[in-house]
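Here is protein.cif, consisting of mmCIF, C-alpha atoms:
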data_run
loop_
_atom_site.label_atom_id
_atom_site.label_comp_id
_atom_site.auth_asym_id
_atom_site.auth_seq_id
_atom_site.Cartn_x
_atom_site.Cartn_y
_atom_site.Cartn_z
CA MET A 1 -58.09 -21.05 38.84
CA GLN A 2 -56.43 -18.29 40.88
CA ARG A 3 -53.55 -20.65 41.69
CA ILE A 4 -53.03 -21.45 37.99
CA ARG A 5 -52.90 -17.72 37.11
CA THR A 6 -50.45 -17.03 39.95
CA ALA A 7 -48.22 -19.92 38.88
CA LEU A 8 -48.40 -18.79 35.25
CA ARG A 9 -47.34 -15.27 36.20
CA ARG A 10 -44.41 -16.66 38.17
CA TRP A 11 -43.37 -18.84 35.23
CA LEU A 12 -43.58 -15.96 32.76
CA GLY A 13 -41.62 -13.71 35.10
CA ALA A 14 -38.87 -16.31 35.47
CA PHE A 15 -38.83 -16.85 31.71
CA ALA A 16 -38.47 -13.10 31.06
CA LEU A 17 -35.59 -12.89 33.54
CA ALA A 18 -33.85 -15.86 31.94
CA PHE A 19 -34.33 -14.34 28.48
CA THR A 20 -32.88 -11.03 29.64
CA LEU A 21 -29.81 -12.72 31.11
CA LEU A 22 -29.36 -14.83 27.99
CA PHE A 23 -29.60 -11.74 25.76
CA ALA A 24 -27.11 -9.82 27.88
CA GLY A 25 -24.67 -12.71 27.89
CA GLY A 26 -25.05 -13.18 24.15
CA ALA A 27 -23.92 -9.60 23.50
CA ARG A 28 -20.34 -10.30 24.50
CA ALA A 29 -17.72 -9.80 21.78
CA GLY A 30 -16.42 -13.01 20.31
CA ASP A 31 -19.50 -15.17 20.95
CA ALA A 32 -20.37 -17.08 17.78
CA GLU A 33 -23.87 -17.06 16.34
CA PRO A 34 -25.30 -20.61 16.16
CA GLY A 35 -25.52 -21.87 12.62
CA PRO A 36 -23.99 -24.25 10.11
CA ALA A 37 -20.79 -22.21 9.69
CA GLY A 38 -20.49 -21.06 13.32
CA ILE A 39 -18.80 -17.81 12.18
CA ILE A 40 -20.12 -14.25 12.10
CA ASP A 41 -18.98 -12.35 9.01
CA ASP A 42 -19.18 -8.69 10.04
CA SER A 43 -17.22 -7.41 7.02
CA THR A 44 -20.44 -5.99 5.52
CA ALA A 45 -19.91 -3.04 7.89
CA THR A 46 -16.49 -2.34 6.30
CA VAL A 47 -16.57 0.39 3.65
CA GLY A 48 -13.84 2.20 1.74
CA GLN A 49 -10.83 0.25 3.05
CA TYR A 50 -7.52 -0.88 1.56
CA TYR A 51 -6.05 -4.31 2.19
CA ALA A 52 -2.81 -6.09 1.27
CA ILE A 53 -2.53 -9.86 0.78
CA LEU A 54 0.58 -11.91 0.02
CA CYS A 55 -0.09 -14.67 -2.52
CA ASN A 56 3.10 -16.29 -3.79
CA THR A 57 1.04 -18.96 -5.57
CA CYS A 58 -0.99 -16.49 -7.62
CA ALA A 59 -0.22 -16.62 -11.33
CA SER A 60 -3.21 -15.71 -13.47
CA THR A 61 -5.47 -12.69 -13.04
CA SER A 62 -8.24 -14.98 -11.81
CA ASP A 63 -5.87 -16.26 -9.07
CA TYR A 64 -5.40 -12.71 -7.78
CA ILE A 65 -9.14 -12.03 -7.94
CA ASN A 66 -10.07 -15.26 -6.18
CA LYS A 67 -7.57 -14.54 -3.41
CA ALA A 68 -9.12 -11.13 -2.76
CA VAL A 69 -12.73 -12.33 -2.90
CA THR A 70 -12.03 -15.34 -0.71
CA GLN A 71 -10.18 -13.32 1.92
CA TYR A 72 -12.65 -10.41 2.03
CA PRO A 73 -15.92 -11.66 0.51
CA ARG A 74 -18.28 -8.99 1.86
CA VAL A 75 -16.39 -5.71 2.05
CA ARG A 76 -17.88 -2.72 0.24
CA GLU A 77 -16.28 -0.06 -1.94
CA SER A 78 -12.79 -1.31 -1.04
CA MET A 79 -9.53 -2.16 -2.78
CA VAL A 80 -7.25 -5.14 -2.21
CA TYR A 81 -3.56 -5.16 -3.17
CA VAL A 82 -2.72 -8.80 -3.89
CA TYR A 83 1.01 -9.22 -4.42
CA ASN A 84 3.38 -12.05 -5.27
CA LEU A 85 6.97 -11.56 -4.07
CA ALA A 86 8.21 -14.68 -5.85
CA SER A 87 7.24 -13.20 -9.23
CA ALA A 88 7.37 -9.53 -8.15
CA GLN A 89 3.81 -8.92 -9.33
CA ILE A 90 0.90 -6.96 -7.82
CA ARG A 91 -2.77 -6.62 -8.78
CA THR A 92 -5.40 -4.23 -7.45
CA ILE A 93 -8.78 -5.89 -7.02
CA ALA A 94 -11.98 -3.90 -6.45
CA LEU A 95 -14.59 -5.34 -4.08
CA ASN A 96 -18.13 -4.10 -3.46
CA TRP A 97 -20.59 -6.30 -1.61
CA ASP A 98 -24.31 -5.67 -2.25
CA PRO A 99 -26.07 -6.53 1.04
CA GLU A 100 -29.56 -6.33 -0.48
CA ALA A 101 -28.85 -8.66 -3.38
CA ASN A 102 -26.46 -10.69 -1.17
CA VAL A 103 -23.85 -10.75 -3.91
CA GLN A 104 -20.30 -9.47 -4.52
CA THR A 105 -20.56 -7.04 -7.43
CA GLY A 106 -16.82 -6.36 -7.37
CA GLY A 107 -14.16 -8.98 -7.92
CA TYR A 108 -12.46 -7.39 -10.89
CA GLU A 109 -9.00 -5.90 -11.52
CA VAL A 110 -8.40 -2.17 -11.77
CA ALA A 111 -5.25 -0.27 -12.72
CA THR A 112 -2.42 -0.41 -10.16
CA ASP A 113 -0.43 2.73 -9.37
CA SER A 114 2.93 2.54 -11.13
CA ARG A 115 4.72 3.40 -7.88
CA LEU A 116 3.27 0.30 -6.21
CA VAL A 117 4.29 -1.81 -9.21
CA ALA A 118 7.86 -0.53 -8.89
CA TYR A 119 7.87 -1.04 -5.13
CA VAL A 120 6.84 -4.70 -5.38
CA SER A 121 9.24 -5.23 -8.27
CA TYR A 122 12.17 -4.04 -6.14
CA ALA A 123 10.96 -5.95 -3.09
CA GLY A 124 10.50 -9.14 -5.08
CA ASP A 125 14.01 -8.85 -6.49
CA LEU A 126 15.50 -8.54 -2.99
CA TYR A 127 13.22 -11.29 -1.70
CA ARG A 128 14.50 -13.80 -4.27
CA ARG A 129 18.14 -12.76 -3.96
CA ASN A 130 17.89 -13.09 -0.17
CA GLY A 131 16.73 -16.70 -0.25
CA ASN A 132 13.00 -15.90 -0.31
CA SER A 133 13.21 -13.84 2.85
CA LEU A 134 12.62 -10.23 3.85
CA SER A 135 14.84 -10.55 6.93
CA PHE A 136 17.71 -8.32 5.94
CA THR A 137 21.04 -7.40 7.47
CA ALA A 138 22.35 -4.02 6.36
CA VAL A 139 25.60 -2.13 6.87
CA ILE A 140 25.84 1.66 6.86
CA ARG A 141 29.35 2.96 6.26
CA ALA A 142 30.51 6.39 7.36
CA ASP A 143 31.58 7.12 3.78
CA GLY A 144 27.92 7.35 2.79
CA SER A 145 27.42 3.90 1.28
CA VAL A 146 24.86 1.30 2.32
CA TYR A 147 24.74 -2.37 1.45
CA LEU A 148 22.81 -5.52 2.34
CA LYS A 149 24.36 -8.77 3.48
CA LEU A 150 22.31 -11.59 1.98
CA ILE A 151 21.46 -14.77 3.88
CA GLY A 152 23.04 -17.00 1.23
CA GLY A 153 26.18 -14.87 1.03
CA GLY A 154 27.08 -11.92 -1.10
CA THR A 155 25.98 -8.30 -0.88
CA VAL A 156 23.65 -5.85 -2.59
CA ASP A 157 24.74 -2.21 -2.78
CA LEU A 158 21.86 0.15 -2.06
CA ARG A 159 23.82 3.38 -2.08
CA ALA A 160 27.26 4.36 -3.30
CA SER A 161 29.68 6.41 -1.25
CA SER A 162 28.88 10.09 -0.92
CA ALA A 163 30.98 13.21 -0.51
CA ARG A 164 28.37 14.73 1.78
CA THR A 165 30.70 14.91 4.78
CA THR A 166 33.81 15.75 2.75
CA PRO A 167 34.63 19.30 1.61
CA ARG A 168 34.34 19.85 -2.13
CA SER A 169 37.97 20.92 -2.29
CA VAL A 170 39.12 17.60 -0.82
CA ALA A 171 39.22 14.43 -2.87
CA GLN A 172 36.99 11.61 -1.68
CA PRO A 173 39.05 9.44 0.71
CA SER A 174 39.78 5.90 -0.35
CA THR A 175 41.89 3.01 0.84
CA GLY A 176 45.30 2.49 -0.68
CA ASN A 177 46.54 6.09 -0.58
CA GLY A 178 47.49 8.75 1.93
CA LEU A 179 43.88 9.42 2.93
CA LEU A 180 43.31 6.29 4.94
CA ALA A 181 40.80 6.26 7.76
CA GLN A 182 42.03 7.33 11.16
CA VAL A 183 41.12 3.92 12.54
CA THR A 184 40.69 0.44 11.16
CA PRO A 185 37.84 -1.93 11.96
CA GLY A 186 38.14 -3.73 15.27
CA ARG A 187 38.11 -7.44 15.96
CA ASN A 188 35.33 -9.40 14.18
CA SER A 189 33.85 -6.20 12.78
CA PRO A 190 31.11 -6.89 10.20
CA ILE A 191 31.95 -3.63 8.41
CA ASP A 192 34.73 -3.40 5.86
CA LEU A 193 37.47 -0.78 5.87
CA ARG A 194 35.45 1.83 3.97
CA GLY A 195 33.05 1.93 6.89
CA TYR A 196 35.49 3.93 8.96
CA LEU A 197 36.16 6.78 6.56
CA PHE A 198 34.48 9.57 8.53
CA GLY A 199 34.59 12.68 6.37
CA PRO A 200 35.94 16.03 7.67
CA TYR A 201 32.41 17.44 7.78
CA PHE A 202 30.89 14.42 9.50
CA ASP A 203 30.53 16.12 12.90
CA ARG A 204 28.78 19.08 11.31
CA VAL A 205 26.19 16.85 9.68
CA TYR A 206 25.79 14.55 12.71
CA PRO A 207 26.82 16.59 15.78
CA ASN A 208 25.31 14.09 18.22
CA PHE A 209 27.10 11.04 16.85
CA PRO A 210 29.08 9.45 19.75
CA ASP A 211 32.83 10.02 19.91
CA SER A 212 33.48 6.33 20.59
CA SER A 213 31.78 3.03 21.28
CA TYR A 214 32.37 3.73 25.00
CA ASP A 215 30.49 7.03 24.82
CA LEU A 216 27.54 5.23 23.25
CA ALA A 217 27.60 2.46 25.86
CA PHE A 218 28.25 4.37 29.09
CA GLY A 219 27.32 8.02 28.72
CA ASP A 220 24.50 9.37 30.85
CA GLN A 221 23.37 11.07 27.66
CA PRO A 222 25.13 9.02 24.99
CA GLY A 223 25.48 10.42 21.52
CA SER A 224 22.58 9.47 19.29
CA ILE A 225 22.92 7.30 16.19
CA ASP A 226 19.18 7.44 15.43
CA SER A 227 19.32 10.40 13.05
CA PHE A 228 22.34 8.90 11.28
CA VAL A 229 20.48 5.63 10.59
CA TYR A 230 17.25 7.36 9.62
CA ASP A 231 19.03 9.78 7.30
CA TYR A 232 20.97 7.12 5.45
CA PHE A 233 17.94 4.88 4.94
CA THR A 234 15.49 7.58 3.92
CA THR A 235 17.87 9.09 1.38
CA LEU A 236 18.52 5.87 -0.51
CA SER A 237 18.18 6.05 -4.26
CA GLN A 238 14.58 5.90 -5.45
CA GLN A 239 15.71 4.09 -8.60
CA GLY A 240 16.38 0.64 -7.25
CA SER A 241 16.05 -1.64 -4.28
CA GLY A 242 16.51 1.22 -1.84
CA GLN A 243 12.87 2.19 -2.33
CA VAL A 244 11.82 -0.82 -0.26
CA PHE A 245 13.36 0.83 2.79
CA ASP A 246 11.77 4.21 2.17
CA PRO A 247 7.97 3.82 2.42
CA ASP A 248 7.67 7.62 2.57
CA SER A 249 8.17 7.54 -1.20
CA LEU A 250 4.65 6.04 -1.43
CA ARG A 251 2.93 8.30 1.08
CA PHE A 252 0.77 9.90 -1.65
CA VAL A 253 -0.52 6.54 -2.89
CA ASP A 254 -3.88 5.63 -1.35
CA GLY A 255 -3.64 2.66 0.99
CA SER A 256 0.07 2.13 0.34
CA SER A 257 0.81 1.89 4.08
CA ARG A 258 -1.04 -1.44 4.22
CA LEU A 259 1.40 -2.80 1.65
CA THR A 260 4.64 -1.27 2.96
CA GLU A 261 3.94 -2.46 6.50
CA GLN A 262 3.91 -6.04 5.23
CA VAL A 263 6.68 -5.89 2.66
CA ALA A 264 9.25 -3.82 4.56
CA GLY A 265 9.53 -4.85 8.22
CA THR A 266 12.56 -4.69 10.48
CA VAL A 267 16.19 -4.63 9.35
CA THR A 268 19.29 -5.43 11.42
CA VAL A 269 21.79 -2.64 10.79
CA PHE A 270 25.50 -2.46 11.64
CA ILE A 271 27.01 1.00 12.14
CA PRO A 272 30.71 1.90 12.50
CA MET A 273 31.99 3.71 15.58
CA LYS A 274 34.77 6.28 15.30
CA ASP A 275 37.15 4.19 17.42
CA GLY A 276 36.94 1.04 15.29
CA GLY A 277 34.08 -0.57 17.19
CA TYR A 278 30.54 -0.93 15.91
CA ALA A 279 26.91 -0.83 16.98
CA LYS A 280 24.03 -3.07 15.96
CA VAL A 281 20.50 -1.70 15.82
CA ARG A 282 17.06 -2.82 14.68
CA TYR A 283 15.51 -0.39 12.23
CA ASP A 284 11.77 -0.45 11.58
CA THR A 285 11.25 0.79 8.04
CA ALA A 286 7.56 1.47 8.64
CA THR A 287 7.97 3.66 11.75
CA ALA A 288 11.65 4.69 11.39
CA ASP A 289 12.23 3.59 14.99
CA VAL A 290 15.84 2.73 15.87
CA LEU A 291 16.45 0.26 18.71
CA LEU A 292 20.01 -0.22 19.97
CA ARG A 293 20.72 -3.94 20.31
CA GLN A 294 24.49 -4.19 20.80
CA VAL A 295 27.64 -2.08 21.21
CA VAL A 296 31.07 -3.62 20.58
CA ASP A 297 34.40 -1.90 21.20
CA PRO A 298 37.47 -2.18 18.90
CA SER A 299 38.75 -5.19 20.86
CA GLY A 300 35.52 -7.15 20.38
CA VAL A 301 34.26 -6.57 23.94
CA VAL A 302 30.45 -6.41 24.09
CA LEU A 303 29.48 -3.26 25.98
CA PRO A 304 26.17 -2.24 27.60
CA ASN A 305 23.40 -0.97 25.33
CA GLY A 306 23.60 2.61 26.53
CA HIS A 307 23.58 4.17 30.01
CA GLY A 308 25.90 1.49 31.40
CA ASN A 309 27.78 1.80 34.70
CA ALA A 310 31.42 2.10 33.63
CA LEU A 311 32.95 1.68 37.10
CA GLN A 312 30.93 -1.45 37.71
CA PHE A 313 31.54 -2.87 34.23
CA TYR A 314 35.34 -2.40 34.42
CA GLY A 315 35.68 -3.09 38.14
CA ASN A 316 37.19 -6.54 37.55
CA ARG A 317 37.77 -7.29 33.90
CA SER A 318 40.56 -8.32 31.54
CA TRP A 319 40.57 -8.59 27.77
CA SER A 320 42.88 -8.91 24.82
CA LEU A 321 43.43 -6.26 22.18
CA GLY A 322 43.23 -7.01 18.50
CA SER A 323 45.52 -6.18 15.61
CA ASN A 324 44.54 -2.50 15.77
CA ALA A 325 45.63 -2.27 19.39
CA TYR A 326 47.10 1.20 18.94
CA TRP A 327 43.78 2.78 17.98
CA ALA A 328 41.90 0.75 20.59
CA VAL A 329 44.22 1.96 23.35
CA GLU A 330 44.07 5.57 22.19
CA SER A 331 40.29 5.56 22.16
CA PHE A 332 39.87 3.72 25.47
CA GLU A 333 42.41 5.91 27.24
CA ASP A 334 40.81 9.11 26.01
CA TRP A 335 37.34 8.00 27.09
CA ALA A 336 38.52 6.61 30.45
CA VAL A 337 40.32 9.81 31.45
CA ARG A 338 37.22 11.82 30.63
CA ASN A 339 35.13 9.53 32.85
CA GLY A 340 37.22 9.14 35.99
CA ILE A 341 38.99 5.86 35.24
CA SER A 342 42.75 5.85 35.77
CA VAL A 343 44.73 4.29 32.92
CA LEU A 344 48.32 3.09 33.20
CA VAL A 345 49.92 2.40 29.81
CA LEU A 346 53.10 0.34 30.15
CA ASN A 347 55.32 0.93 27.10
CA SER A 348 53.86 3.32 24.55
CA THR A 349 55.31 1.42 21.58
CA TRP A 350 52.60 -0.65 19.96
CA THR A 351 52.86 -3.20 17.20
CA GLN A 352 50.26 -5.95 17.28
CA GLY A 353 47.94 -6.87 20.12
CA GLY A 354 48.05 -6.33 23.86
CA ASN A 355 46.10 -6.89 27.07
CA VAL A 356 44.03 -4.73 29.39
CA THR A 357 43.39 -5.49 33.05
CA CYS A 358 41.08 -3.33 35.19
CA ARG A 359 40.72 -3.50 38.98
CA SER A 360 38.64 -1.58 41.48
CA ARG A 361 40.66 0.51 43.90
CA THR A 362 37.60 1.77 45.74
CA VAL A 363 33.87 1.63 45.11
CA ASN A 364 34.14 4.75 42.95
CA GLU A 365 37.63 4.29 41.50
CA VAL A 366 38.99 1.94 38.87
CA THR A 367 42.52 1.65 37.46
CA CYS A 368 43.24 -0.08 34.17
CA THR A 369 46.70 -1.32 33.14
CA ILE A 370 47.44 -1.73 29.43
CA LEU A 371 50.27 -4.02 28.38
CA PRO A 372 51.46 -4.66 24.82
CA ASN A 373 52.28 -8.19 23.72
#
Represent the structure of the file as structure tokens.
Amino acid sequence: MQRIRTALRRWLGAFALAFTLLFAGGARAGDAEPGPAGIIDDSTATVGQYYAILCNTCASTSDYINKAVTQYPRVRESMVYVYNLASAQIRTIALNWDPEANVQTGGYEVATDSRLVAYVSYAGDLYRRNGNSLSFTAVIRADGSVYLKLIGGGTVDLRASSARTTPRSVAQPSTGNGLLAQVTPGRNSPIDLRGYLFGPYFDRVYPNFPDSSYDLAFGDQPGSIDSFVYDYFTTLSQQGSGQVFDPDSLRFVDGSSRLTEQVAGTVTVFIPMKDGGYAKVRYDTATADVLLRQVVDPSGVVLPNGHGNALQFYGNRSWSLGSNAYWAVESFEDWAVRNGISVLVLNSTWTQGGNVTCRSRTVNEVTCTILPN
């Protein structure tokens, strides 16, 4: 009998140890509870939240309700913004799971803030015009205007030109008269001529804007274009498609950030440089972050994306100038002299085109020869 009791104690002790290990292992996040569905729905712990769901197939009110209830069946005291970009519609669905009765007492539509209705209306319009896509390419001109380049071709103006950087006593510059821009767009520039009309007050409004594409690409502390991009996007007209790129306009609407994060996204933006080149950035409309992706000089040469080594980059390089060779040479020569690169211009009479050849004289010295065609 004593042996049986001893063996039983050993068996119970081993069983308790095994149970403890099993319980500890079962507490790991992500382990599924055994059962017919094999899924743990922990949404009953979620209270007072806002959600946003895209449903381009939703048509009737019941479609919007079913989408919300199916996606979040057991959330409590929460709201779901179900939106359809194809039809530019949005519905606000209230959800409130009753854990005791094990039933969803919500699942009905409530009034949607008019600002959200307008936001989705504008977004849906752009979505359809852009080939059912929210991947946009935008251009910011120095004259104050902003427009979108649609995937299927064509443009959408988001903001007209502004006299913000032009004195009131001076007429707004325009092409075709004596107030032409100081430079013209460089080779393969995606920005039209109006993009290079930098107003007389431009430097006062944007004192850190780079003097040239070379300053942006090579300076140890290159001029910033971030504030320029942010300013032009966040001051778009609130009456129209520009609202899609200014989520701050909805900051007083409860839960609107969940919607704007989905609908807005990242935009590729082209920005003119003062020398005729351009920069390409990625602009996040939700965070207002600006990421420099490409810098191109007036001749179409792709430069480093900031903080580049000029002596190394031009140590052994040749390239052709475009039709605006005069402005390209002026800008390059000015920047090079300021940064220790010798420039030899052969024949100062420029018409169309030319060539530049740079060679290293020493490790820390580069000479560039500029020849017209």
Take the point (-6.6, -2.5, 4.4) in the file's coordinates, draw a sphere of radius 9 Å around it, and report as a PyMOL selection string every protein, DNA or RNA residue with an atom inside or on it, counting all atoms listed in the file.
chain A and resi 49-52+78-81+255+257-259
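For the atom pair formed by atom CA of A:Val281 and atom CA of A:Arg187, the distance is 18.5 Å, given to one decimal.
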Once the PyMOL selection byres ((chain A and resi 113-122) around 8) has been evaluated on this model, what residues remain selected, and can you format them as a tab-separated table (two decimals) with C-alpha atoms, in the coordinates of the input?
chain	number	residue	atom	x	y	z
A	83	TYR	CA	1.01	-9.22	-4.42
A	85	LEU	CA	6.97	-11.56	-4.07
A	88	ALA	CA	7.37	-9.53	-8.15
A	89	GLN	CA	3.81	-8.92	-9.33
A	90	ILE	CA	0.90	-6.96	-7.82
A	111	ALA	CA	-5.25	-0.27	-12.72
A	112	THR	CA	-2.42	-0.41	-10.16
A	123	ALA	CA	10.96	-5.95	-3.09
A	124	GLY	CA	10.50	-9.14	-5.08
A	125	ASP	CA	14.01	-8.85	-6.49
A	126	LEU	CA	15.50	-8.54	-2.99
A	240	GLY	CA	16.38	0.64	-7.25
A	241	SER	CA	16.05	-1.64	-4.28
A	243	GLN	CA	12.87	2.19	-2.33
A	244	VAL	CA	11.82	-0.82	-0.26
A	250	LEU	CA	4.65	6.04	-1.43
A	253	VAL	CA	-0.52	6.54	-2.89
A	256	SER	CA	0.07	2.13	0.34
Just checking: using only C-alpha atoms, which residue out of A:Arg204, A:Arg361, A:Arg282, A:Arg338 ends up closest to A:Phe136?
A:Arg282
Using the chain letters and numbers from the file, give me the residues hit by the PyMOL selection byres ((chain A and resi 314) around 12), as JSON, numbers by chain.
{"A": [214, 218, 301, 303, 304, 308, 309, 310, 311, 312, 313, 315, 316, 317, 318, 319, 332, 336, 340, 341, 342, 343, 356, 357, 358, 359, 360, 361, 363, 364, 365, 366, 367, 368, 369]}
Out of A:Tyr278, A:Tyr201, A:Phe245, A:Phe209, which residue has the shortest atom-to-atom distance to A:Val263 when counting all atoms listed in the file?
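Among A:Tyr278, A:Tyr201, A:Phe245, A:Phe209, it is A:Phe245 that comes nearest to A:Val263.
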A:Val296: which residues within 10 Å, counting only C-alpha atoms, same-chain residues fewer than 3 positions away excluded, as a VMD selection string?
chain A and resid 186 to 189 213 to 214 216 to 217 272 to 273 276 to 280 299 to 305
If you take all atoms listed in the file and a cut-off of 7 Å, which residues of stretch 248-284 of chain A touch stretch 139-146 of chain A, and what are their nearest atom pairs and distances in Å to one decimal, in chain and number order, as JSON lines?
{"residue": "A:Val269", "atom": "CA", "partner": "A:Val139", "partner_atom": "CA", "distance": 5.5}
{"residue": "A:Phe270", "atom": "CA", "partner": "A:Val139", "partner_atom": "CA", "distance": 4.8}
{"residue": "A:Ile271", "atom": "CA", "partner": "A:Ile140", "partner_atom": "CA", "distance": 5.4}
{"residue": "A:Pro272", "atom": "CA", "partner": "A:Arg141", "partner_atom": "CA", "distance": 6.5}
Residues returned when the PyMOL selection byres ((chain A and resi 287) around 12) runs on this file, as a PyMOL selection string:
chain A and resi 230+234+245-248+257+260-261+264-267+282-286+288-291
